[in-house]
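Heads up, the thing below is written out as structure tokens.
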2 protein chains.
Amino acid sequence: MALERPTPTALNELEYISRQLEEDIALGRILPRERLIEEELAARFKVNRHVIRQVLSDLESIGIIVRQRNKGATVRDLSPADVENIYAVRELLEGKAAELIKLPPDPAVLAELKDIQRRHADAAANGNFTDVFRLNLQFHKAFFAACGNPQLAEAIQHFALKAHIARSLTISDPELLGRAVNEHKQMLDLMETGDRQRFVRMVVEHIIPSKDAYMENYRRRFGGSQSTGR
Amino acid sequence: MALERPTPTALNELEYISRQLEEDIALGRILPRERLIEEELAARFKVNRHVIRQVLSDLESIGIIVRQRNKGATVRDLSPADVENIYAVRELLEGKAAELIKLPPDPAVLAELKDIQRRHADAAANGNFTDVFRLNLQFHKAFFAACGNPQLAEAIQHFALKAHIARSLTISDPELLGRAVNEHKQMLDLMETGDRQRFVRMVVEHIIPSKDAYMENYRRRFGGSQSTGR
DNA sequence: CCCAACATGATTGTCAACAAAATAGACGAT
DNA sequence: ATCGTCTATTTTGTTGACAATCATGTTGGG
């Protein structure tokens, strides 16, 4: 909601590169188990290798990548059990946030959400997946910020990021996308009407399709025979 | 449950220094708003400044310290609102974990918890605050690991760490300490008897006294006149 | 033909020197 | 006496070079 440039220098560079890599991973441009080589990334972003090192360290602490000493970083490969666990936490956190959000919300908040929602729907209609990804992120961020507990909102974002790895293989499914757009609209409608119970249920159930899509995709790939090992 | 040394080299050095600093902060040896100077820490731990840099970056991502570009790192100063928000999330997460823990628990788990609990009580009786701190951490880690969802357990630890900053000023209160020891015992007892409802309530209420102590301490220091600024 | 030891190349980890920025202290003007 | 400004010092940020480690390919013996 404004040009944010507290320091025009390299501090935001870290953020920028992190976001970019998160996006690459979420959109399936970099796949699980794929290596992330420091020097390559340094060349790509035209930046010193140390900067990349820092970024990789951040991504590791989020849980998006895994690093092994002297062996480098790879995109984390989530097991179905991991995904179940992540989604269980998401359900808990997002459900709680939905209970806390003021209904009906501040007009300013609602206006912002509606604006993001509209642009998200446009991007989806145009098949612009990069924008869809970014605007979806923005929507959820603004949405859960409305719960009034920044700590909770941060935790929600944290786990949403983790889940993005799982979604990378199904993120461009047009059916899921259409459904998500539709549900965002419904969430905003329920906000306005102020039906708390249905609102909370809608928020919680909103994340389920992406989990199911992952599970189905996994089963399709590995069938019944595969250890659940990490 | 064994000596963990996957790499005997410097990878654990980061962990060690992080833990040490967390402990210093939690025990009030380093206070909120106090500066953490890279070179001093490098000298103290006999390590290169880059290692310290890495550690500070980790602590920042946890939310224990704050870094400003070209200005260095300080221990984060939590506002009462921050503390309320952190504890709200803790309550949510730990309550859910309590619902998930198998009752009665595996004998091995119970035995481990009882062992830690005994040593914790001993340390408390001897006024050995460093050991009290470490064993308390161990207890909660082992306890919540029993919920079966590692993602949830990790989030719980994450927020417990944040809360430690708030506890630094009241951590050596003997009354609180005695109460905590007592409550740990009760938690184990309720595990064995398998009374789910009372068990969950006990777990959730266990964290309240430390929050109240912070709030009281804050009021005592600042009275009624003080902005709630971050 | 296959396996093991070795040599080579690729990749990450560590370090010390340099550059940039901010803080603290001294000085002078009002 | 107070404020602002300038300089010196402290502290953080950045870079390039070097060392350690791991993965790969190759050669020689069985």
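Quick note on naming: the chains in the structure tokens go A, B, ... in the order shown, residues restart at 1 in each chain, and ligands are numbered from 1 in order of appearance.
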**OP:** Might you pull out every residue within 9 Å of region 124-136 of chain A, with only C-alpha atoms (C1' of nucleotides) counted and same-chain residues fewer than 4 positions away left off, and present them as a list in words?
**Re:** Glu23, Ala26, Leu27, Ile116, Gln117, Arg119, His120, His140, Lys141, Ile171, Ser172, Pro174, Leu177, Gly178 and Val181 of chain A
Using only C-alpha atoms, find each residue in chain B having at least one atom no more than 7 Å away from chain A; report its shortest atom-to-atom pair and that distance in Å (one decimal), rows by chain then rising number, as CSV.
residue,atom,partner,partner_atom,distance
B:Asn85,CA,A:Asn149,CA,5.8
B:Ile86,CA,A:Gln151,CA,6.1
B:Val89,CA,A:Leu152,CA,6.1
B:Asn149,CA,A:Asn85,CA,5.8
B:Gln151,CA,A:Asn85,CA,6.1
B:Leu152,CA,A:Val89,CA,6.1
**OP:** Kindly provide, as JSON, numbers by chain, the residues of chain C having any atom no farther than 10 Å from an atom of chain A, counting only C-alpha atoms (C1' of nucleotides).
**Re:** {"C": [11, 12, 13]}
Subject >> Filtered DSSP result for region 11-223 of chain B, state strand (DSSP E), as an NGL selection string >> reply: :B and (35-36 or 65-68 or 72-75)
Export N, CA and C atoms of the chosen residues as a CSV table (one decimal), in the first residue's frame?
chain,number,residue,atom,x,y,z
B,35,ARG,N,23.0,-4.0,23.2
B,35,ARG,CA,23.6,-4.3,22.0
B,35,ARG,C,24.5,-5.5,22.0
B,36,LEU,N,24.5,-6.2,20.9
B,36,LEU,CA,25.3,-7.4,20.7
B,36,LEU,C,26.3,-7.0,19.6
B,65,ILE,N,16.2,-11.2,18.6
B,65,ILE,CA,17.0,-10.0,18.5
B,65,ILE,C,16.5,-9.2,17.3
B,66,VAL,N,16.9,-7.9,17.2
B,66,VAL,CA,16.5,-7.0,16.1
B,66,VAL,C,17.8,-6.5,15.5
B,67,ARG,N,17.9,-6.5,14.2
B,67,ARG,CA,19.1,-6.0,13.6
B,67,ARG,C,18.7,-4.8,12.7
B,68,GLN,N,19.5,-3.8,12.8
B,68,GLN,CA,19.3,-2.6,11.9
B,68,GLN,C,20.6,-2.4,11.1
B,72,GLY,N,23.8,-2.6,13.8
B,72,GLY,CA,24.0,-3.7,14.7
B,72,GLY,C,22.8,-4.3,15.3
B,73,ALA,N,23.0,-5.3,16.2
B,73,ALA,CA,21.9,-6.1,16.8
B,73,ALA,C,21.7,-5.7,18.2
B,74,THR,N,20.4,-5.8,18.6
B,74,THR,CA,20.0,-5.6,20.0
B,74,THR,C,19.0,-6.6,20.4
B,75,VAL,N,19.0,-6.9,21.7
B,75,VAL,CA,18.0,-7.9,22.2
B,75,VAL,C,16.6,-7.2,22.0
Each chain D residue no farther than 9 Å from chain A, nearest pair in Å, only C-alpha atoms (C1' of nucleotides), as CSV:
residue,atom,partner,partner_atom,distance
D:DT14,C1',A:Asn48,CA,8.5
D:DT15,C1',A:Asn48,CA,7.9
D:DA20,C1',A:Asn70,CA,8.8
D:DT21,C1',A:Asn70,CA,5.9
D:DC22,C1',A:Lys71,CA,6.7
Original post:
At what distance in Å, to one decimal, does CA of Glu154 (chain B) lie from CA of Asp24 (chain B)?
Top reply: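 If I compute the distance from CA of Asp24 (chain B) to CA of Glu154 (chain B), I get 21.5 Å.
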Subject >> Separation of CA of Leu78 (chain B) from CA of Glu40 (chain B) in Å >> reply: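 So the answer is 24.5 Å.
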**OP:** Find the residues near region 5-8 of chain D: any atom within 12 Å, counting only C-alpha atoms (C1' of nucleotides), skip ones fewer than 6 places away on the same chain, and give them as a ChimeraX atom specification.
**Re:** /C:23-29
Limited to N, CA and C atoms (P, O5', C5', C4', C3', O3' and C1' of nucleotides), could you put the picked residues into a file as an mmCIF file, in the first residue's frame?
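Saved to out-v9.cif:
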data_model
loop_
_atom_site.group_PDB
_atom_site.id
_atom_site.type_symbol
_atom_site.label_atom_id
_atom_site.label_comp_id
_atom_site.auth_asym_id
_atom_site.auth_seq_id
_atom_site.Cartn_x
_atom_site.Cartn_y
_atom_site.Cartn_z
ATOM 1 P P DT C 23 23.766 5.402 14.785
ATOM 2 O "O5'" DT C 23 24.760 5.678 15.987
ATOM 3 C "C5'" DT C 23 25.458 4.574 16.575
ATOM 4 C "C4'" DT C 23 26.734 5.066 17.217
ATOM 5 C "C3'" DT C 23 26.525 6.132 18.303
ATOM 6 O "O3'" DT C 23 27.016 5.624 19.528
ATOM 7 C "C1'" DT C 23 28.312 6.705 16.840
ATOM 8 P P DA C 24 26.733 6.435 20.890
ATOM 9 O "O5'" DA C 24 28.114 7.198 21.105
ATOM 10 C "C5'" DA C 24 29.337 6.479 20.940
ATOM 11 C "C4'" DA C 24 30.509 7.410 21.139
ATOM 12 C "C3'" DA C 24 30.314 8.466 22.225
ATOM 13 O "O3'" DA C 24 31.534 8.633 22.926
ATOM 14 C "C1'" DA C 24 30.773 9.533 20.181
ATOM 15 P P DG C 25 31.591 9.543 24.271
ATOM 16 O "O5'" DG C 25 32.658 10.662 23.889
ATOM 17 C "C5'" DG C 25 33.871 10.283 23.253
ATOM 18 C "C4'" DG C 25 34.550 11.517 22.670
ATOM 19 C "C3'" DG C 25 34.523 12.736 23.596
ATOM 20 O "O3'" DG C 25 35.838 13.274 23.700
ATOM 21 C "C1'" DG C 25 33.656 13.300 21.458
ATOM 22 P P DA C 26 36.139 14.522 24.658
ATOM 23 O "O5'" DA C 26 36.496 15.633 23.577
ATOM 24 C "C5'" DA C 26 37.400 15.307 22.525
ATOM 25 C "C4'" DA C 26 37.476 16.465 21.533
ATOM 26 C "C3'" DA C 26 37.644 17.841 22.178
ATOM 27 O "O3'" DA C 26 38.593 18.589 21.423
ATOM 28 C "C1'" DA C 26 35.675 17.826 20.856
ATOM 29 P P DC C 27 39.217 19.951 22.038
ATOM 30 O "O5'" DC C 27 38.568 21.054 21.094
ATOM 31 C "C5'" DC C 27 38.570 20.873 19.672
ATOM 32 C "C4'" DC C 27 37.513 21.772 19.061
ATOM 33 C "C3'" DC C 27 37.472 23.195 19.630
ATOM 34 O "O3'" DC C 27 38.007 24.091 18.639
ATOM 35 C "C1'" DC C 27 35.281 22.279 19.278
ATOM 36 P P DG C 28 38.306 25.608 19.052
ATOM 37 O "O5'" DG C 28 37.030 26.334 18.446
ATOM 38 C "C5'" DG C 28 36.695 26.154 17.072
ATOM 39 C "C4'" DG C 28 35.275 26.628 16.813
ATOM 40 C "C3'" DG C 28 35.002 28.094 17.216
ATOM 41 O "O3'" DG C 28 34.387 28.769 16.133
ATOM 42 C "C1'" DG C 28 33.376 26.655 18.171
ATOM 43 P P DA C 29 34.306 30.336 16.094
ATOM 44 O "O5'" DA C 29 32.733 30.582 16.003
ATOM 45 C "C5'" DA C 29 32.004 29.966 14.938
ATOM 46 C "C4'" DA C 29 30.514 29.977 15.266
ATOM 47 C "C3'" DA C 29 29.972 31.373 15.647
ATOM 48 O "O3'" DA C 29 28.817 31.662 14.870
ATOM 49 C "C1'" DA C 29 29.403 29.767 17.315
#
Original post:
Just asking: which residues within region 27-194 of chain B are helix (DSSP H, G or I) according to DSSP, as a PyMOL selection string?
Top reply: chain B and resi 38-44+49-62+80-100+107-126+129-145+150-167+174-193
Original post:
In Å to one decimal, how far is CA of Thr170 (chain A) from CA of Ile17 (chain A)?
Top reply: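 These two atoms are separated by 23.5 Å.
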Which residues come within 12 Å of Arg179 (chain B), counting only C-alpha atoms (C1' of nucleotides), excluding same-chain residues fewer than 2 positions away, as a JSON list (two decimals) with N, CA and C atoms, in the first residue's frame?
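The result, stored in part.json:
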[["chain", "number", "residue", "atom", "x", "y", "z"],
["B", 121, "ALA", "N", 13.64, -30.75, 38.93],
["B", 121, "ALA", "CA", 13.27, -30.45, 40.32],
["B", 121, "ALA", "C", 14.52, -30.31, 41.18],
["B", 124, "ALA", "N", 16.18, -27.04, 40.52],
["B", 124, "ALA", "CA", 15.39, -25.96, 41.13],
["B", 124, "ALA", "C", 15.65, -25.90, 42.63],
["B", 173, "ASP", "N", 12.44, -16.01, 39.90],
["B", 173, "ASP", "CA", 11.48, -15.92, 40.99],
["B", 173, "ASP", "C", 11.26, -17.31, 41.58],
["B", 174, "PRO", "N", 11.61, -17.51, 42.85],
["B", 174, "PRO", "CA", 11.51, -18.86, 43.42],
["B", 174, "PRO", "C", 10.08, -19.39, 43.48],
["B", 175, "GLU", "N", 9.12, -18.48, 43.65],
["B", 175, "GLU", "CA", 7.73, -18.94, 43.73],
["B", 175, "GLU", "C", 7.28, -19.52, 42.39],
["B", 176, "LEU", "N", 7.57, -18.77, 41.31],
["B", 176, "LEU", "CA", 7.22, -19.26, 39.98],
["B", 176, "LEU", "C", 7.89, -20.59, 39.69],
["B", 177, "LEU", "N", 9.14, -20.66, 40.09],
["B", 177, "LEU", "CA", 9.92, -21.87, 39.83],
["B", 177, "LEU", "C", 9.29, -23.08, 40.52],
["B", 181, "VAL", "N", 7.68, -26.47, 38.72],
["B", 181, "VAL", "CA", 8.10, -27.83, 39.05],
["B", 181, "VAL", "C", 6.89, -28.68, 39.44],
["B", 182, "ASN", "N", 6.08, -28.09, 40.27],
["B", 182, "ASN", "CA", 4.89, -28.77, 40.74],
["B", 182, "ASN", "C", 3.95, -29.12, 39.57],
["B", 183, "GLU", "N", 3.80, -28.18, 38.67],
["B", 183, "GLU", "CA", 2.88, -28.39, 37.55],
["B", 183, "GLU", "C", 3.40, -29.46, 36.60],
["B", 184, "HIS", "N", 4.71, -29.50, 36.42],
["B", 184, "HIS", "CA", 5.26, -30.56, 35.58],
["B", 184, "HIS", "C", 4.88, -31.93, 36.16],
["B", 185, "LYS", "N", 5.01, -32.02, 37.45],
["B", 185, "LYS", "CA", 4.66, -33.29, 38.11],
["B", 185, "LYS", "C", 3.19, -33.63, 37.85],
["B", 186, "GLN", "N", 2.33, -32.63, 38.03],
["B", 186, "GLN", "CA", 0.90, -32.86, 37.81],
["B", 186, "GLN", "C", 0.61, -33.27, 36.37],
["B", 205, "GLU", "N", -2.93, -24.06, 31.01],
["B", 205, "GLU", "CA", -2.81, -23.12, 32.12],
["B", 205, "GLU", "C", -1.40, -23.02, 32.67],
["B", 206, "HIS", "N", -0.60, -24.00, 32.31],
["B", 206, "HIS", "CA", 0.79, -24.03, 32.81],
["B", 206, "HIS", "C", 1.59, -22.80, 32.37],
["B", 207, "ILE", "N", 1.27, -22.26, 31.23],
["B", 207, "ILE", "CA", 2.09, -21.15, 30.74],
["B", 207, "ILE", "C", 1.61, -19.80, 31.26],
["B", 208, "ILE", "N", 0.44, -19.78, 31.87],
["B", 208, "ILE", "CA", -0.13, -18.48, 32.26],
["B", 208, "ILE", "C", 0.67, -17.74, 33.33],
["B", 209, "PRO", "N", 1.13, -18.42, 34.38],
["B", 209, "PRO", "CA", 1.83, -17.67, 35.43],
["B", 209, "PRO", "C", 3.01, -16.85, 34.93],
["B", 210, "SER", "N", 3.76, -17.40, 33.98],
["B", 210, "SER", "CA", 4.92, -16.65, 33.51],
["B", 210, "SER", "C", 4.49, -15.40, 32.75]]
